[in-house]
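Q: Quick one: the structure is below, and I'll ask about it shortly.
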Number of protein chains: 2
Amino acid sequence: MDDSNPPSTPPAPDAVRTLASIAPVARQSVVDAVSDRLRGEVLSGRLRPGTRLPSERELSLALGVNRLTLRASLARLEALGLVTTRHGAGTVVASWRERAGLEMLGTLVRGLKVAEPAWHELVRSSLEIRRILAAEAVALAAERHTDEDLLAIGACAQVLRDHVDDPVAFARADLAFMRAVCKAARNVGLELFLNTFARWPDEHPQLVAALYDDCCVSAELYPAVMDLIKSRNGAAARALTRRTLEERDEAWSRRHPPPAPLGVPDHPLAKTPKSFRERKAERRA
Amino acid sequence: MDDSNPPSTPPAPDAVRTLASIAPVARQSVVDAVSDRLRGEVLSGRLRPGTRLPSERELSLALGVNRLTLRASLARLEALGLVTTRHGAGTVVASWRERAGLEMLGTLVRGLKVAEPAWHELVRSSLEIRRILAAEAVALAAERHTDEDLLAIGACAQVLRDHVDDPVAFARADLAFMRAVCKAARNVGLELFLNTFARWPDEHPQLVAALYDDCCVSAELYPAVMDLIKSRNGAAARALTRRTLEERDEAWSRRHPPPAPLGVPDHPLAKTPKSFRERKAERRA
DNA sequence: GAGGTTAACTGGTTCAACCACTCCAAGGGA
DNA sequence: TCCCTTGGAGTGGTTGAACCAGTTAACCTC
């Protein structure tokens with residue numbers, strides 16, 4: 001997994017505004033490094049579900065970090081549903097397909113190389129999920145929105161036009177638009193559902209840039225969506241939104257054609273970043 | 001928030017199978033206790049978004065735990081999207097509506113009292129989300145399933161008939177059925193989506209018992225769902241599944257009528273039918 | 001062999017100390 | 001006066017060692 005980690009740090013201070021697109025250097029805490037490493041081992045399949053990890057004392061020694069630091073990493077992995085820990089018994093690798101949440105989808109995509117077959121498979125899944133969320137949110141919003149909701153949605157649509165040149169910025173605006181729609185849908189679950197994607201521009205900018213590469217075209221869809229909401233016809237809004245987005249996603253697939261279909265036995269997630277503190281670990285040994 | 005925490009410990013050893021529904025006593029680690037406490041403060045609104053928490057040193061002193069223990073709790077809350085921490089700057093309460101994931105839905109429901117207006121609101125959201133997931137999974141499964149998928153789905157449907165007397169056990173079987181459908185749908189995102197609900201029987205048994213109180217009736221729906229999948233007509237499967245589940249959920253709402261809408265603070269004759277396993281739930285508490 | 005005991009694991013918690021980062025106000029320069 | 005540098009105080013991050021608590025399995029007794 002190539003972890004060219006996104007900043008996730010606060011925006012740059014205003015002093016350096018002169019240089020247009022300067023980004024803060026990616027810093028990674030020890031806990032981040034260890035949990036990224038272990039996460040990669042699990043998601044790549046090198047650590048199979050059911051495998052018992054070495055004891056915390058052993059593993060921390062092998063990784064060259066303090067046991068408490070390792071514990072923090074393992075706690076993070078457990079929160080993601082990648083391992084399960086039992087007092088006195090040990091830590092075992094869980095089956096992420098059966099335990100992890102939707103937020104793992106972005107992480108999975110990032111772990112793959114662009115244009116690999118598995119990458120297309122996962123991106124297709126992501127597009128389908130996004131489509132489902134959008135269609136349902138628009139349908140429920142059509143049935144339940146108030147005039148205030150329409151104003152909020154309209155304001156978000158206005159912002160969208162200012163970002164047709166930058167896919168990541170457009171993605172943020174699109175997500176803000178969707179948030180307004182979800183609020184109009186009067187369903188907390190939909191908002192929480194959306195939150196999973198709302199983190200993507202920060203955490204997976206490359207993926208978002210690929211997904212929103214047609215922003216100048218799809219920007220024209222939003223007025224139509226607003227009309228659907230105004231119509232107060234939930235079923236029609238659902239059907240039309242679905243069909244429109246299906247067309248958009250098919251166009252995306254045509255722009256990003258999958259590589260040679262089969263033959264290559266190759267399996268996902270080739271490489272680990274590895275070697276953060278390995279020198280330190282070796283020094284001890 | 002009343003945290004009558006579910007066990008979440010491994011299933012009871014087979015030695016005690018004689019006593020039918022014995023459950024392991026609920027044990028809670030210090031980290032669990034602290035994070036549950038803080039989570040309640042955030043979700044209840046007593047700690048508002050933007051509020052800066054006291055420093056770790058102060059807070060750990062106030063709570064009577066070690067700073068490292070508190071740190072583990074805060075890390076858990078950060079993974080849930082309830083707080084954000086910045087090195088050197090402090091920890092502030094985040095807006096869970098804009099940060100938390102779908103897994104927070106169950107926690108939110110559990111934090112409310114049954115039959116409260118807000119409780120009905122959240123359960124309605126949960127039912128809608130479940131409906132969306134089911135309709136899409138069935139539709140995609142209809143388009144993409146193989147013969148092996150049908151066998152697996154049929155096996156799960158068989159198991160469902162054995163649990164029409166216990167809502168929680170029925171819920172587990174229903175989720176296993178849905179997992180088989182999601183696998184047939186060839187969409188990893190749907191599986192991850194489902195995982196959010198798959199944890200509910202363990203983490204929120206009371207909520208699950210309420211949602212699946214009609215299991216003996218809805219058990220009859222599964223053969224129809226299988227026929228829809230076999231039809232290989234995705235659009236029709238989606239529409240029919242949606243309509244069927246809408247009817248089921250409306251029946252649920254009739255069985256669990258919301259309390260007096262407004263004006264009347266509370267009046268005695270409201271009374272909900274309910275009370276299946278409440279004795280069991282009370283015994284645990 | 002069945003049952004209970006014990007010892008060697010495992011993870012959970014605490015302590016004290018130090019490192020790294022952020023913030024802001026006091027100070028010095030223009 | 002204004003700007004900017006520069007501390008220092010306070011924040012979270014990491015470490016080491018020690019001990020508590022739960023699990024497991026080998027072992028011993030009967």
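Chains: A, B, ... in order of the structure tokens. Residues: from 1 per chain. Ligands: from 1, in order shown.
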List the neighbours of Val114 in chain B out to 10 Å using only C-alpha atoms (C1' of nucleotides); skip same-chain residues closer than 5 positions along the sequence, and give me the result as a PDB file with C-alpha atoms, in the first residue's frame.
A:
ATOM      1  CA  VAL B 109     -31.124   4.616  19.759  1.00  0.00           C
ATOM      2  CA  TRP B 119     -36.786   7.066  19.887  1.00  0.00           C
ATOM      3  CA  HIS B 120     -39.450   6.565  17.254  1.00  0.00           C
ATOM      4  CA  VAL B 123     -36.050   3.697  14.801  1.00  0.00           C
ATOM      5  CA  GLN B 206     -32.943  -4.506  23.090  1.00  0.00           C
ATOM      6  CA  LEU B 207     -33.149  -2.527  19.881  1.00  0.00           C
ATOM      7  CA  ALA B 210     -37.910  -4.345  19.137  1.00  0.00           C
ATOM      8  CA  HIS B 256     -45.424   0.669  18.090  1.00  0.00           C
ATOM      9  CA  PRO B 258     -45.579   6.968  18.730  1.00  0.00           C
ATOM     10  CA  THR B 272     -47.489   0.121  23.757  1.00  0.00           C
TER      11      THR B 272
END
Q: What are the closest atom pairs, with distances in Å to one decimal, for all residues of chain D lying within 7 Å of chain A? Consider only C-alpha atoms (C1' of nucleotides), order rows by chain and residue number, and present the result as CSV.
A:
residue,atom,partner,partner_atom,distance
D:DT15,C1',A:Asn66,CA,6.3
D:DG22,C1',A:Gly88,CA,4.8
D:DT23,C1',A:Gly88,CA,4.7
Q: Just write the chosen residues, N, CA and C atoms (P, O5', C5', C4', C3', O3' and C1' of nucleotides), as a short mmCIF file (atom, residue, chain, number, x, y, z; two decimals), in the first residue's frame.
A:
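Output saved as out_16.cif:
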data_model
loop_
_atom_site.label_atom_id
_atom_site.label_comp_id
_atom_site.auth_asym_id
_atom_site.auth_seq_id
_atom_site.Cartn_x
_atom_site.Cartn_y
_atom_site.Cartn_z
P DT D 15 7.68 5.13 21.41
"O5'" DT D 15 8.28 4.99 22.87
"C5'" DT D 15 9.37 5.81 23.26
"C4'" DT D 15 9.66 5.66 24.73
"C3'" DT D 15 9.78 4.22 25.24
"O3'" DT D 15 11.14 3.89 25.44
"C1'" DT D 15 8.64 5.66 26.79
P DG D 22 -10.43 -10.23 36.47
"O5'" DG D 22 -10.50 -11.19 35.21
"C5'" DG D 22 -10.54 -10.63 33.90
"C4'" DG D 22 -9.79 -11.53 32.96
"C3'" DG D 22 -10.30 -12.97 32.91
"O3'" DG D 22 -10.88 -13.21 31.64
"C1'" DG D 22 -7.91 -12.87 33.02
P DT D 23 -11.49 -14.68 31.31
"O5'" DT D 23 -10.28 -15.47 30.65
"C5'" DT D 23 -9.65 -14.94 29.50
"C4'" DT D 23 -8.55 -15.88 29.03
"C3'" DT D 23 -9.00 -17.31 28.81
"O3'" DT D 23 -8.64 -17.67 27.49
"C1'" DT D 23 -7.05 -17.25 30.16
#
Q: May I have chain A as an mmCIF file with C-alpha atoms, in the first residue's frame, after a least-squares superposition on chain B that uses all C-alpha atoms paired in order?
A:
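The resulting file, part28.cif, is reproduced below:
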data_model
loop_
_atom_site.group_PDB
_atom_site.id
_atom_site.type_symbol
_atom_site.label_atom_id
_atom_site.label_comp_id
_atom_site.auth_asym_id
_atom_site.auth_seq_id
_atom_site.Cartn_x
_atom_site.Cartn_y
_atom_site.Cartn_z
ATOM 1 C CA MET A 1 -30.724 4.808 28.376
ATOM 2 C CA ASP A 2 -31.541 1.430 29.794
ATOM 3 C CA ASP A 3 -28.463 -0.597 29.210
ATOM 4 C CA SER A 4 -29.675 -4.088 29.735
ATOM 5 C CA ASN A 5 -26.584 -5.088 27.868
ATOM 6 C CA PRO A 6 -26.674 -8.112 25.595
ATOM 7 C CA PRO A 7 -24.236 -10.876 26.421
ATOM 8 C CA SER A 8 -21.788 -10.491 23.541
ATOM 9 C CA THR A 9 -19.830 -13.178 25.343
ATOM 10 C CA PRO A 10 -19.260 -16.556 23.719
ATOM 11 C CA PRO A 11 -22.090 -19.095 23.841
ATOM 12 C CA ALA A 12 -22.726 -20.881 27.082
ATOM 13 C CA PRO A 13 -20.664 -24.009 27.774
ATOM 14 C CA ASP A 14 -22.398 -27.258 26.912
ATOM 15 C CA ALA A 15 -22.599 -28.307 30.543
ATOM 16 C CA VAL A 16 -25.565 -26.064 31.194
ATOM 17 C CA ARG A 17 -27.524 -27.046 28.133
ATOM 18 C CA THR A 18 -30.115 -28.614 30.423
ATOM 19 C CA LEU A 19 -31.612 -25.233 31.205
ATOM 20 C CA ALA A 20 -32.953 -24.199 27.847
ATOM 21 C CA SER A 21 -32.575 -20.464 27.445
ATOM 22 C CA ILE A 22 -30.024 -19.639 30.064
ATOM 23 C CA ALA A 23 -27.927 -16.626 29.184
ATOM 24 C CA PRO A 24 -24.561 -15.665 30.603
ATOM 25 C CA VAL A 25 -24.711 -12.823 33.086
ATOM 26 C CA ALA A 26 -23.991 -9.475 31.553
ATOM 27 C CA ARG A 27 -20.522 -8.416 32.558
ATOM 28 C CA GLN A 28 -19.224 -5.032 31.744
ATOM 29 C CA SER A 29 -15.649 -3.882 31.814
ATOM 30 C CA VAL A 30 -14.820 -0.534 33.328
ATOM 31 C CA VAL A 31 -14.106 0.856 29.887
ATOM 32 C CA ASP A 32 -17.525 -0.353 28.705
ATOM 33 C CA ALA A 33 -19.248 1.279 31.630
ATOM 34 C CA VAL A 34 -17.513 4.601 31.196
ATOM 35 C CA SER A 35 -17.982 4.764 27.433
ATOM 36 C CA ASP A 36 -21.648 3.768 27.737
ATOM 37 C CA ARG A 37 -22.148 6.498 30.289
ATOM 38 C CA LEU A 38 -20.448 9.156 28.213
ATOM 39 C CA ARG A 39 -22.161 7.982 25.039
ATOM 40 C CA GLY A 40 -25.499 8.368 26.749
ATOM 41 C CA GLU A 41 -24.613 11.880 27.837
ATOM 42 C CA VAL A 42 -23.747 12.828 24.279
ATOM 43 C CA LEU A 43 -26.646 11.134 22.496
ATOM 44 C CA SER A 44 -29.178 12.428 24.990
ATOM 45 C CA GLY A 45 -28.044 15.958 24.305
ATOM 46 C CA ARG A 46 -26.966 16.685 27.862
ATOM 47 C CA LEU A 47 -23.493 17.119 26.444
ATOM 48 C CA ARG A 48 -24.053 19.383 23.466
ATOM 49 C CA PRO A 49 -21.892 19.455 20.358
ATOM 50 C CA GLY A 50 -19.074 21.926 20.822
ATOM 51 C CA THR A 51 -18.963 21.447 24.564
ATOM 52 C CA ARG A 52 -15.454 20.949 25.794
ATOM 53 C CA LEU A 53 -15.037 18.064 28.183
ATOM 54 C CA PRO A 54 -13.044 18.474 31.391
ATOM 55 C CA SER A 55 -9.414 17.479 31.103
ATOM 56 C CA GLU A 56 -8.681 13.771 31.226
ATOM 57 C CA ARG A 57 -7.157 14.169 34.676
ATOM 58 C CA GLU A 58 -10.235 15.899 36.062
ATOM 59 C CA LEU A 59 -12.734 13.631 34.340
ATOM 60 C CA SER A 60 -11.004 10.442 35.384
ATOM 61 C CA LEU A 61 -10.999 11.673 38.969
ATOM 62 C CA ALA A 62 -14.680 12.569 38.771
ATOM 63 C CA LEU A 63 -15.597 9.186 37.303
ATOM 64 C CA GLY A 64 -13.403 7.340 39.765
ATOM 65 C CA VAL A 65 -11.369 5.510 37.149
ATOM 66 C CA ASN A 66 -7.783 5.618 36.057
ATOM 67 C CA ARG A 67 -6.855 8.155 33.450
ATOM 68 C CA LEU A 68 -5.769 5.440 31.036
ATOM 69 C CA THR A 69 -9.101 3.696 31.410
ATOM 70 C CA LEU A 70 -10.884 6.933 30.651
ATOM 71 C CA ARG A 71 -8.609 7.423 27.659
ATOM 72 C CA ALA A 72 -9.641 4.043 26.304
ATOM 73 C CA SER A 73 -13.280 5.062 26.657
ATOM 74 C CA LEU A 74 -12.678 8.376 24.942
ATOM 75 C CA ALA A 75 -10.854 6.611 22.125
ATOM 76 C CA ARG A 76 -13.904 4.433 21.633
ATOM 77 C CA LEU A 77 -16.157 7.478 21.527
ATOM 78 C CA GLU A 78 -13.878 9.145 19.040
ATOM 79 C CA ALA A 79 -14.033 6.073 16.810
ATOM 80 C CA LEU A 80 -17.814 6.376 16.917
ATOM 81 C CA GLY A 81 -17.586 10.003 15.899
ATOM 82 C CA LEU A 82 -19.028 11.370 19.138
ATOM 83 C CA VAL A 83 -16.027 13.418 20.278
ATOM 84 C CA THR A 84 -12.904 14.836 18.711
ATOM 85 C CA THR A 85 -9.591 15.032 20.526
ATOM 86 C CA ARG A 86 -6.639 17.271 19.778
ATOM 87 C CA HIS A 87 -3.252 16.952 21.412
ATOM 88 C CA GLY A 88 -2.748 19.837 23.776
ATOM 89 C CA ALA A 89 -6.119 21.382 23.083
ATOM 90 C CA GLY A 90 -8.622 19.051 24.717
ATOM 91 C CA THR A 91 -11.625 16.931 23.850
ATOM 92 C CA VAL A 92 -14.853 18.431 22.542
ATOM 93 C CA VAL A 93 -18.218 16.869 21.858
ATOM 94 C CA ALA A 94 -18.876 16.408 18.153
ATOM 95 C CA SER A 95 -22.180 16.594 16.353
ATOM 96 C CA TRP A 96 -23.152 12.957 16.003
ATOM 97 C CA ARG A 97 -25.661 13.793 13.272
ATOM 98 C CA GLU A 98 -22.771 14.965 11.132
ATOM 99 C CA ARG A 99 -20.050 12.596 12.252
ATOM 100 C CA ALA A 100 -21.378 9.258 13.463
ATOM 101 C CA GLY A 101 -21.782 6.299 11.128
ATOM 102 C CA LEU A 102 -24.754 4.130 10.347
ATOM 103 C CA GLU A 103 -23.909 1.804 13.224
ATOM 104 C CA MET A 104 -25.169 4.528 15.556
ATOM 105 C CA LEU A 105 -28.729 3.978 14.373
ATOM 106 C CA GLY A 106 -29.238 0.904 16.527
ATOM 107 C CA THR A 107 -27.708 2.596 19.532
ATOM 108 C CA LEU A 108 -30.013 5.555 19.089
ATOM 109 C CA VAL A 109 -33.096 3.351 18.988
ATOM 110 C CA ARG A 110 -32.071 1.440 22.069
ATOM 111 C CA GLY A 111 -31.709 4.678 23.967
ATOM 112 C CA LEU A 112 -35.402 5.404 23.595
ATOM 113 C CA LYS A 113 -38.432 3.927 25.238
ATOM 114 C CA VAL A 114 -40.574 1.679 23.098
ATOM 115 C CA ALA A 115 -43.615 3.364 21.545
ATOM 116 C CA GLU A 116 -42.345 6.860 22.211
ATOM 117 C CA PRO A 117 -42.862 9.127 19.193
ATOM 118 C CA ALA A 118 -39.121 9.437 18.669
ATOM 119 C CA TRP A 119 -38.820 5.665 18.840
ATOM 120 C CA HIS A 120 -41.270 5.251 15.996
ATOM 121 C CA GLU A 121 -39.452 7.883 14.017
ATOM 122 C CA LEU A 122 -36.146 6.043 14.327
ATOM 123 C CA VAL A 123 -37.623 2.621 13.662
ATOM 124 C CA ARG A 124 -39.266 3.971 10.538
ATOM 125 C CA SER A 125 -35.862 5.243 9.442
ATOM 126 C CA SER A 126 -34.371 1.829 10.122
ATOM 127 C CA LEU A 127 -37.053 0.079 8.121
ATOM 128 C CA GLU A 128 -36.518 2.438 5.210
ATOM 129 C CA ILE A 129 -32.784 1.886 5.236
ATOM 130 C CA ARG A 130 -33.215 -1.861 5.376
ATOM 131 C CA ARG A 131 -35.644 -1.648 2.496
ATOM 132 C CA ILE A 132 -33.215 0.333 0.382
ATOM 133 C CA LEU A 133 -30.419 -2.114 1.067
ATOM 134 C CA ALA A 134 -32.575 -5.111 0.233
ATOM 135 C CA ALA A 135 -33.992 -3.676 -2.977
ATOM 136 C CA GLU A 136 -30.595 -2.704 -4.341
ATOM 137 C CA ALA A 137 -28.943 -5.945 -3.328
ATOM 138 C CA VAL A 138 -31.658 -7.991 -4.991
ATOM 139 C CA ALA A 139 -31.499 -5.862 -8.132
ATOM 140 C CA LEU A 140 -27.737 -6.143 -8.508
ATOM 141 C CA ALA A 141 -27.825 -9.821 -7.626
ATOM 142 C CA ALA A 142 -30.384 -10.369 -10.379
ATOM 143 C CA GLU A 143 -27.982 -8.835 -12.875
ATOM 144 C CA ARG A 144 -24.740 -10.444 -11.737
ATOM 145 C CA HIS A 145 -25.395 -13.714 -9.937
ATOM 146 C CA THR A 146 -23.847 -17.029 -10.871
ATOM 147 C CA ASP A 147 -25.222 -20.518 -10.348
ATOM 148 C CA GLU A 148 -23.101 -20.908 -7.222
ATOM 149 C CA ASP A 149 -24.671 -17.768 -5.822
ATOM 150 C CA LEU A 150 -28.144 -19.199 -6.363
ATOM 151 C CA LEU A 151 -27.207 -22.337 -4.500
ATOM 152 C CA ALA A 152 -25.881 -20.342 -1.562
ATOM 153 C CA ILE A 153 -28.954 -18.129 -1.471
ATOM 154 C CA GLY A 154 -31.232 -21.136 -1.666
ATOM 155 C CA ALA A 155 -29.455 -22.786 1.235
ATOM 156 C CA CYS A 156 -29.984 -19.676 3.348
ATOM 157 C CA ALA A 157 -33.649 -19.578 2.419
ATOM 158 C CA GLN A 158 -33.954 -23.153 3.605
ATOM 159 C CA VAL A 159 -32.547 -22.274 7.011
ATOM 160 C CA LEU A 160 -35.055 -19.468 7.398
ATOM 161 C CA ARG A 161 -37.944 -21.908 7.658
ATOM 162 C CA ASP A 162 -36.504 -23.420 10.805
ATOM 163 C CA HIS A 163 -36.655 -20.184 12.760
ATOM 164 C CA VAL A 164 -40.128 -18.807 12.206
ATOM 165 C CA ASP A 165 -40.775 -19.081 15.936
ATOM 166 C CA ASP A 166 -37.882 -16.990 17.256
ATOM 167 C CA PRO A 167 -37.605 -13.430 15.894
ATOM 168 C CA VAL A 168 -33.941 -12.997 16.839
ATOM 169 C CA ALA A 169 -32.916 -16.304 15.332
ATOM 170 C CA PHE A 170 -34.998 -15.481 12.279
ATOM 171 C CA ALA A 171 -33.216 -12.145 12.029
ATOM 172 C CA ARG A 172 -29.867 -13.894 11.972
ATOM 173 C CA ALA A 173 -31.064 -16.187 9.228
ATOM 174 C CA ASP A 174 -32.501 -13.252 7.289
ATOM 175 C CA LEU A 175 -29.184 -11.447 7.550
ATOM 176 C CA ALA A 176 -27.364 -14.551 6.363
ATOM 177 C CA PHE A 177 -29.732 -14.668 3.396
ATOM 178 C CA MET A 178 -29.050 -11.007 2.680
ATOM 179 C CA ARG A 179 -25.324 -11.626 2.914
ATOM 180 C CA ALA A 180 -25.564 -14.282 0.249
ATOM 181 C CA VAL A 181 -27.555 -11.862 -1.919
ATOM 182 C CA CYS A 182 -24.995 -9.087 -1.383
ATOM 183 C CA LYS A 183 -22.217 -11.453 -2.390
ATOM 184 C CA ALA A 184 -24.121 -12.280 -5.546
ATOM 185 C CA ALA A 185 -24.457 -8.528 -6.153
ATOM 186 C CA ARG A 186 -20.659 -8.282 -6.514
ATOM 187 C CA ASN A 187 -20.441 -5.121 -4.505
ATOM 188 C CA VAL A 188 -18.186 -4.966 -1.471
ATOM 189 C CA GLY A 189 -19.857 -1.754 -0.373
ATOM 190 C CA LEU A 190 -23.200 -3.498 -0.056
ATOM 191 C CA GLU A 191 -21.645 -6.189 2.097
ATOM 192 C CA LEU A 192 -20.108 -3.578 4.376
ATOM 193 C CA PHE A 193 -23.433 -1.776 4.435
ATOM 194 C CA LEU A 194 -25.119 -4.990 5.516
ATOM 195 C CA ASN A 195 -22.553 -5.527 8.269
ATOM 196 C CA THR A 196 -24.007 -2.591 10.138
ATOM 197 C CA PHE A 197 -27.248 -4.505 10.536
ATOM 198 C CA ALA A 198 -25.558 -7.849 11.014
ATOM 199 C CA ARG A 199 -24.448 -6.773 14.482
ATOM 200 C CA TRP A 200 -27.936 -5.883 15.618
ATOM 201 C CA PRO A 201 -29.072 -9.326 16.796
ATOM 202 C CA ASP A 202 -26.142 -9.374 19.202
ATOM 203 C CA GLU A 203 -26.097 -5.732 20.200
ATOM 204 C CA HIS A 204 -29.755 -4.785 20.077
ATOM 205 C CA PRO A 205 -31.828 -7.951 20.495
ATOM 206 C CA GLN A 206 -34.867 -6.030 21.720
ATOM 207 C CA LEU A 207 -34.914 -3.846 18.641
ATOM 208 C CA VAL A 208 -34.483 -6.868 16.387
ATOM 209 C CA ALA A 209 -37.285 -8.696 18.164
ATOM 210 C CA ALA A 210 -39.557 -5.750 17.466
ATOM 211 C CA LEU A 211 -38.534 -5.446 13.829
ATOM 212 C CA TYR A 212 -38.933 -9.150 13.047
ATOM 213 C CA ASP A 213 -42.104 -9.827 14.974
ATOM 214 C CA ASP A 214 -43.860 -10.983 11.815
ATOM 215 C CA CYS A 215 -41.284 -13.530 10.795
ATOM 216 C CA CYS A 216 -43.805 -16.318 10.274
ATOM 217 C CA VAL A 217 -45.555 -14.159 7.690
ATOM 218 C CA SER A 218 -42.605 -12.602 5.914
ATOM 219 C CA ALA A 219 -40.940 -15.998 5.643
ATOM 220 C CA GLU A 220 -43.195 -16.537 2.647
ATOM 221 C CA LEU A 221 -41.543 -13.710 0.756
ATOM 222 C CA TYR A 222 -38.160 -15.327 0.257
ATOM 223 C CA PRO A 223 -39.097 -17.735 -2.554
ATOM 224 C CA ALA A 224 -40.499 -14.754 -4.460
ATOM 225 C CA VAL A 225 -37.239 -12.872 -3.931
ATOM 226 C CA MET A 226 -35.299 -15.802 -5.304
ATOM 227 C CA ASP A 227 -37.500 -15.871 -8.382
ATOM 228 C CA LEU A 228 -36.815 -12.175 -8.905
ATOM 229 C CA ILE A 229 -33.096 -12.825 -8.752
ATOM 230 C CA LYS A 230 -33.372 -15.693 -11.173
ATOM 231 C CA SER A 231 -35.277 -13.494 -13.620
ATOM 232 C CA ARG A 232 -32.040 -11.539 -14.273
ATOM 233 C CA ASN A 233 -34.150 -8.399 -14.635
ATOM 234 C CA GLY A 234 -32.549 -5.885 -12.289
ATOM 235 C CA ALA A 235 -35.012 -3.038 -12.703
ATOM 236 C CA ALA A 236 -38.054 -5.237 -12.204
ATOM 237 C CA ALA A 237 -36.469 -6.955 -9.211
ATOM 238 C CA ARG A 238 -35.706 -3.593 -7.634
ATOM 239 C CA ALA A 239 -39.227 -2.279 -8.132
ATOM 240 C CA LEU A 240 -40.979 -5.403 -6.928
ATOM 241 C CA THR A 241 -38.733 -5.885 -3.920
ATOM 242 C CA ARG A 242 -39.267 -2.286 -2.951
ATOM 243 C CA ARG A 243 -43.025 -2.513 -3.260
ATOM 244 C CA THR A 244 -43.244 -5.780 -1.367
ATOM 245 C CA LEU A 245 -41.128 -4.497 1.488
ATOM 246 C CA GLU A 246 -43.056 -1.254 1.613
ATOM 247 C CA GLU A 247 -46.193 -3.267 2.169
ATOM 248 C CA ARG A 248 -44.530 -5.329 4.849
ATOM 249 C CA ASP A 249 -43.261 -2.232 6.626
ATOM 250 C CA GLU A 250 -46.655 -0.582 6.433
ATOM 251 C CA ALA A 251 -48.128 -3.671 8.040
ATOM 252 C CA TRP A 252 -45.504 -3.321 10.757
ATOM 253 C CA SER A 253 -46.554 0.267 11.353
ATOM 254 C CA ARG A 254 -50.166 -0.831 11.682
ATOM 255 C CA ARG A 255 -49.172 -3.435 14.262
ATOM 256 C CA HIS A 256 -47.152 -0.845 16.167
ATOM 257 C CA PRO A 257 -49.263 2.294 15.995
ATOM 258 C CA PRO A 258 -47.534 5.443 17.178
ATOM 259 C CA PRO A 259 -48.830 7.020 20.387
ATOM 260 C CA ALA A 260 -50.662 10.319 20.656
ATOM 261 C CA PRO A 261 -49.000 12.431 17.972
ATOM 262 C CA LEU A 262 -48.098 15.700 19.677
ATOM 263 C CA GLY A 263 -48.689 18.008 22.589
ATOM 264 C CA VAL A 264 -46.068 16.448 24.780
ATOM 265 C CA PRO A 265 -42.932 18.605 24.593
ATOM 266 C CA ASP A 266 -40.960 15.745 26.093
ATOM 267 C CA HIS A 267 -37.601 15.094 24.514
ATOM 268 C CA PRO A 268 -35.821 11.803 23.910
ATOM 269 C CA LEU A 269 -33.446 9.889 26.120
ATOM 270 C CA ALA A 270 -34.776 10.560 29.552
ATOM 271 C CA LYS A 271 -32.486 8.843 31.972
ATOM 272 C CA THR A 272 -28.864 7.820 32.430
ATOM 273 C CA PRO A 273 -27.842 4.552 33.975
ATOM 274 C CA LYS A 274 -25.225 6.342 36.126
ATOM 275 C CA SER A 275 -23.577 5.417 39.366
ATOM 276 C CA PHE A 276 -21.138 2.669 38.511
ATOM 277 C CA ARG A 277 -18.126 3.727 40.416
ATOM 278 C CA GLU A 278 -19.591 6.777 41.957
ATOM 279 C CA ARG A 279 -19.155 5.404 45.421
ATOM 280 C CA LYS A 280 -15.477 5.093 44.783
ATOM 281 C CA ALA A 281 -15.379 8.643 43.468
ATOM 282 C CA GLU A 282 -17.261 9.891 46.483
ATOM 283 C CA ARG A 283 -15.011 7.981 48.799
ATOM 284 C CA ARG A 284 -12.062 9.874 47.403
ATOM 285 C CA ALA A 285 -13.712 13.247 47.726
#
Q: Please check the contacts: residues of chain C at most 12 Å away from chain A, using only C-alpha atoms (C1' of nucleotides), listed as a list of chain:residue names.
A: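 For chain C, the answer reads C:DA8, C:DC9, C:DT10, C:DG11, C:DG12, C:DT13, C:DA20, C:DC21, C:DT22.
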Q: Apply DSSP to the backbone of this structure and, from range 33-275 of chain A, keep only the residues in helix (DSSP H, G or I); write these as a PyMOL selection string.
A: chain A and resi 33-44+56-63+67-80+96-99+104-110+117-144+147-163+167-184+188-198+200-203+205-211+215-218+221-230+234-255
Q: Based on the backbone DSSP call, show me all residues of range 35-268 of chain B assigned strand (DSSP E or B), as a ChimeraX atom specification.
A: /B:52,83-86,90-93
Q: Go ahead and save the residues from that selection, with N, CA and C atoms, as a CSV table (one decimal), in the first residue's frame.
A:
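Output file selection.csv is given in full below:
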chain,number,residue,atom,x,y,z
B,52,ARG,N,-14.1,22.6,24.1
B,52,ARG,CA,-12.8,22.0,24.3
B,52,ARG,C,-12.7,21.3,25.7
B,83,VAL,N,-14.8,13.1,18.9
B,83,VAL,CA,-13.8,14.2,19.3
B,83,VAL,C,-12.7,14.2,18.3
B,84,THR,N,-12.0,15.4,18.3
B,84,THR,CA,-10.8,15.4,17.4
B,84,THR,C,-9.7,15.9,18.3
B,85,THR,N,-8.5,15.3,18.2
B,85,THR,CA,-7.4,15.6,19.0
B,85,THR,C,-6.3,16.2,18.1
B,86,ARG,N,-5.6,17.2,18.6
B,86,ARG,CA,-4.5,17.8,17.9
B,86,ARG,C,-3.3,17.9,18.9
B,90,GLY,N,-5.0,20.3,22.0
B,90,GLY,CA,-6.0,19.9,22.9
B,90,GLY,C,-7.0,19.0,22.2
B,91,THR,N,-8.1,18.6,22.9
B,91,THR,CA,-9.1,17.8,22.4
B,91,THR,C,-10.5,18.5,22.4
B,92,VAL,N,-11.1,18.6,21.3
B,92,VAL,CA,-12.4,19.3,21.2
B,92,VAL,C,-13.5,18.3,20.8
B,93,VAL,N,-14.7,18.6,21.2
B,93,VAL,CA,-15.9,17.8,20.8
B,93,VAL,C,-16.2,18.1,19.4
Q: Residues near range 26-30 of chain C, anyone? I mean within 12 Å using only C-alpha atoms (C1' of nucleotides), not counting same-chain ones fewer than 3 positions away, as a VMD selection string.
A: chain D and resid 1 to 8
